[in-house]
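Quick notes on the structure that follows.
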There are 2 protein chains.
Amino acid sequence: MLRGHTGSVRGIALSADGRMLASGSEDGTVRLWEAPGGRLLSTLQGHAGGGVWSVTVSTDNRLLASGGLDGTVRLWEVPGGRLIATLEGHTGGVWGVTLSTDGRLLASASFDGTLRLWDAPGGRPLAVLQGHTGPLYGVALAADGQLLASGGEDGTIRLWDASSGAWLRTLRSDRSYERLDITGLTGVTGAQRKALLTLGAVDHHAPAGVIVEPAG
Amino acid sequence: MLRGHTGSVRGIALSADGRMLASGSEDGTVRLWEAPGGRLLSTLQGHAGGGVWSVTVSTDNRLLASGGLDGTVRLWEVPGGRLIATLEGHTGGVWGVTLSTDGRLLASASFDGTLRLWDAPGGRPLAVLQGHTGPLYGVALAADGQLLASGGEDGTIRLWDASSGAWLRTLRSDRSYERLDITGLTGVTGAQRKALLTLGAVDHHAPAGVIVEPAG
């Protein structure tokens, strides 16, 4: 008997009400399950050439988004599993997808170093967010859908206006000791403590004149 | 001048109100930033021997949890950055940490194949959830804090009672075609279609007698 290839599970997501679970697999399939019962609701096939590392279910339980190493994002009907749209544009694997709370905005993060914004459920491309100089490893969308944050290989964090895709600012710290709290730190000499403060560390017990605020 | 090592950003999280952003870095530091302003609030040092891949901020903005490749989970005071507790027990890197909405339960997922539950903010170990036979790659905690799900290398998904740590069930599909919707699928012969249905595929347009429900 033909038995299905079952790859490792790379990403899972529970729906907001905890009644459904979506899973993405190394074998390229996405599965939707009833929770906590465990009944398989649908098997979503379509991603090609690589696993599915990221899945998310919309708050209203009607839409599932998946991001694949094939560089596509796919939108599926829940619970039936019909493919609604294939979102193409990324030139590297998509490891992160996130839907806004109202389910109308989708952000995808890729190893190609870009974020992309799409409208949901249609899948129309809205913006390509460029600036990072390496693969992205982290993405977060604020609950109100206004702020999008990304971080990755280049060591920076970028904040974006999620509605327009406009770049807001880049967060970076070139100094390991900036805003490090050394209050009560022992085992360092006075000179070392002063050096740390000069490098941006903070000591809440230090005499006021010794605190050196980090340069803006 | 001594310049800080700045590693790649491995994980980011926005607080529920979108006013703070936590980042974990390959250099082992965790940073807390004001959002969207971008001011660095604190630098959290403590993780040793590896990067920090996962960070999360509690809903009340008072607690930050980080999981590190050093196998520890750390709890920090927000926004000051004081280390509250170091949670030890995992025998492999921790790549995922998640806090319940009420901030009192912390789940950590590790490459050691276990999930662990801890109370927060104290960090007392509550349970070790064993069963997976390989590294975990996905973890999700339901919004109501009752259901915990995990998935990983072994290809299974496990559901757990988050309050007790009890194993509820294991979701698995050994059959690629189970619950695959082949309604309207073209390019297959009648025999192939029948074979797919036998393997658990579903066709909403097929005569009732042809539909073969997958075995429980």
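Identifiers in the structure tokens: chain A, B, ... in order shown; residue index from 1 per chain; ligand index from 1 in order shown.
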Interface, chain A side, toward chain B (6 Å; only C-alpha atoms) as a compact mmCIF listing (two decimals) with N, CA and C atoms, in the first residue's frame:
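Result file result-v2.txt:
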```txt
# COMPACT_ATOMS: atom_id res chain seq x y z
N ARG A 3 2.02 4.46 1.16
CA ARG A 3 1.91 5.23 2.40
C ARG A 3 2.46 6.62 2.18
N GLY A 4 1.83 7.59 2.75
CA GLY A 4 2.27 8.97 2.55
C GLY A 4 3.60 9.24 3.19
N GLY A 7 6.82 14.17 6.68
CA GLY A 7 8.02 14.88 7.10
C GLY A 7 7.87 15.44 8.48
N SER A 8 8.94 16.01 8.97
CA SER A 8 8.89 16.60 10.29
C SER A 8 7.96 17.81 10.29
N VAL A 9 7.40 18.10 11.43
CA VAL A 9 6.50 19.23 11.58
C VAL A 9 7.35 20.47 11.88
N ARG A 10 7.23 21.46 11.01
CA ARG A 10 8.10 22.63 11.10
C ARG A 10 7.45 23.83 11.76
N GLY A 11 6.12 23.89 11.68
CA GLY A 11 5.45 25.02 12.30
C GLY A 11 4.03 24.65 12.65
N ILE A 12 3.55 25.14 13.77
CA ILE A 12 2.16 24.90 14.14
C ILE A 12 1.54 26.20 14.64
N ALA A 13 0.24 26.27 14.52
CA ALA A 13 -0.48 27.44 15.03
C ALA A 13 -1.86 27.01 15.48
N GLY A 18 -8.77 28.35 19.86
CA GLY A 18 -8.21 27.08 20.30
C GLY A 18 -8.89 25.85 19.74
N GLY A 38 -8.55 16.35 17.60
CA GLY A 38 -7.49 15.74 16.82
C GLY A 38 -7.90 15.20 15.47
N SER A 42 -8.43 18.81 6.97
CA SER A 42 -8.02 18.86 5.57
C SER A 42 -6.52 18.80 5.42
N THR A 43 -6.12 18.33 4.24
CA THR A 43 -4.71 18.26 3.86
C THR A 43 -4.54 19.20 2.69
N TYR A 137 14.95 36.67 10.25
CA TYR A 137 14.67 35.57 11.18
C TYR A 137 13.52 35.87 12.13
N GLY A 138 13.09 37.13 12.18
CA GLY A 138 12.04 37.48 13.13
C GLY A 138 11.09 38.49 12.52
N ALA A 140 7.18 40.53 13.55
CA ALA A 140 6.07 40.70 14.50
C ALA A 140 5.17 41.80 14.00
N ALA A 142 1.98 44.20 15.27
CA ALA A 142 1.26 44.62 16.47
C ALA A 142 -0.21 44.24 16.37
N GLY A 151 13.55 41.53 12.07
CA GLY A 151 14.95 41.44 12.49
C GLY A 151 15.61 40.28 11.78
N GLY A 152 16.92 40.35 11.67
CA GLY A 152 17.57 39.25 10.96
C GLY A 152 19.07 39.26 11.02
N GLU A 153 19.61 38.61 10.04
CA GLU A 153 21.04 38.34 9.95
C GLU A 153 21.89 39.60 10.08
N ASP A 154 21.41 40.72 9.57
CA ASP A 154 22.22 41.93 9.58
C ASP A 154 22.30 42.59 10.96
N GLY A 155 21.63 42.00 11.95
CA GLY A 155 21.76 42.50 13.32
C GLY A 155 20.91 43.71 13.65
N LEU A 171 16.45 50.07 14.50
CA LEU A 171 16.97 49.97 15.87
C LEU A 171 18.28 49.20 15.81
N ASP A 174 25.26 49.26 18.70
CA ASP A 174 26.61 48.82 18.38
C ASP A 174 27.41 48.56 19.65
N ARG A 175 26.78 48.86 20.78
CA ARG A 175 27.52 48.74 22.03
C ARG A 175 26.86 47.72 22.95
N SER A 176 27.60 46.67 23.28
CA SER A 176 27.07 45.58 24.10
C SER A 176 26.58 46.06 25.44
N ARG A 179 22.71 50.43 28.03
CA ARG A 179 21.51 50.15 28.82
C ARG A 179 21.61 48.85 29.62
N LEU A 180 22.83 48.38 29.83
CA LEU A 180 23.01 47.22 30.69
C LEU A 180 22.99 47.71 32.14
```
Need to verify the contact set: Arg74 (chain B), 6 Å, only C-alpha atoms, exclusion of same-chain residues closer than 6 positions in sequence. Can you return it as a CSV table (one decimal) with C-alpha atoms, in the first residue's frame?
```csv
chain,number,residue,atom,x,y,z
B,65,ALA,CA,10.9,35.6,28.9
B,66,SER,CA,13.8,34.5,26.8
B,85,ALA,CA,15.0,33.8,37.5
B,86,THR,CA,17.1,31.4,35.4
B,87,LEU,CA,15.1,28.3,34.5
```
Exercise for the section: Apply DSSP to the backbone of this structure and, from region 3-91 of chain B, keep only the residues in strand (DSSP E or B); write these as a PyMOL selection string. Expected result: chain B and resi 9-14+20-25+30-34+40-44+52-57+63-68+73-77+83-87
Problem - Residues near Glu88 (chain A), cut-off 8 Å, only C-alpha atoms, skip fewer than 5 positions along chain, as a VMD selection string - result: chain A and resid 71 to 73
Practice task
Within 6 Å of region 94-109 of chain A, counting only C-alpha atoms, which residues show up once you throw out same-chain ones fewer than 4 positions away? Write them as a PyMOL selection string, please.
Solution key: chain A and resi 53-54+58+67-69+71+115-120+145
Please write the residues from the selection above to a file, keeping N, CA and C atoms, as a short mmCIF file (atom, residue, chain, number, x, y, z; two decimals), in the first residue's frame.
```cif
data_model
loop_
_atom_site.label_atom_id
_atom_site.label_comp_id
_atom_site.auth_asym_id
_atom_site.auth_seq_id
_atom_site.Cartn_x
_atom_site.Cartn_y
_atom_site.Cartn_z
N TRP A 53 7.28 26.13 6.80
CA TRP A 53 7.79 26.45 8.13
C TRP A 53 6.86 27.31 8.94
N SER A 54 5.89 27.89 8.28
CA SER A 54 5.07 28.86 9.01
C SER A 54 3.62 28.78 8.56
N SER A 58 -6.56 32.82 10.61
CA SER A 58 -7.15 34.13 10.90
C SER A 58 -8.04 34.04 12.13
N GLY A 67 3.54 29.75 4.64
CA GLY A 67 4.73 30.23 3.95
C GLY A 67 5.68 29.07 3.73
N GLY A 68 6.20 28.97 2.51
CA GLY A 68 7.00 27.80 2.18
C GLY A 68 8.41 28.12 1.74
N LEU A 69 9.24 27.12 1.84
CA LEU A 69 10.61 27.28 1.35
C LEU A 69 10.63 27.41 -0.17
N GLY A 71 9.23 29.69 -1.59
CA GLY A 71 9.16 31.13 -1.83
C GLY A 71 7.76 31.68 -1.99
N LEU A 115 10.46 41.86 3.53
CA LEU A 115 9.11 41.58 4.00
C LEU A 115 8.19 41.96 2.87
N ARG A 116 7.09 41.28 2.75
CA ARG A 116 6.08 41.68 1.78
C ARG A 116 4.73 41.77 2.47
N LEU A 117 3.98 42.77 2.04
CA LEU A 117 2.62 42.93 2.54
C LEU A 117 1.64 42.56 1.43
N TRP A 118 0.58 41.89 1.83
CA TRP A 118 -0.42 41.41 0.88
C TRP A 118 -1.80 41.68 1.46
N ASP A 119 -2.77 41.88 0.57
CA ASP A 119 -4.10 41.98 1.15
C ASP A 119 -4.67 40.57 1.24
N ALA A 120 -5.53 40.38 2.23
CA ALA A 120 -6.14 39.07 2.45
C ALA A 120 -7.65 39.28 2.48
N GLY A 145 -2.44 46.14 14.26
CA GLY A 145 -2.15 46.10 12.83
C GLY A 145 -1.41 47.31 12.29
#
```
Problem - CA of Thr189 (chain B) to CA of His205 (chain B), distance in Å rounded to a single decimal - result: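 Going from CA of Thr189 (chain B) over to CA of His205 (chain B), I get 15.6 Å.
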Practice task
Enter the distance from CA of Thr91 (chain B) to CA of Trp167 (chain B), in Å, rounded to one decimal.
Solution key: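 Computed distance, CA of Thr91 (chain B) to CA of Trp167 (chain B), equals 20.6 Å.
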Handout entry: Sel. of helix (DSSP H, G or I) residues, chain B, as a list in words
Key = Gly190, Ala191, Gln192, Arg193, Lys194, Ala195, Leu196, Leu197, Thr198, Ala208, Gly209 and Val210 of chain B
Practice task
Enter the distance from CA of Val55 (chain A) to CA of Leu75 (chain A), in Å, rounded to one decimal.
Solution key: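 Calculated distance between CA of Val55 (chain A) and CA of Leu75 (chain A) is 9.9 Å.
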Practice task
Have a look at A:Val30, A:Leu64, A:Ala127, A:Val78 and name the one nearest to Ala162 (chain A); count only C-alpha atoms.
Solution key: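 The closest residue to Ala162 (chain A) is A:Ala127.
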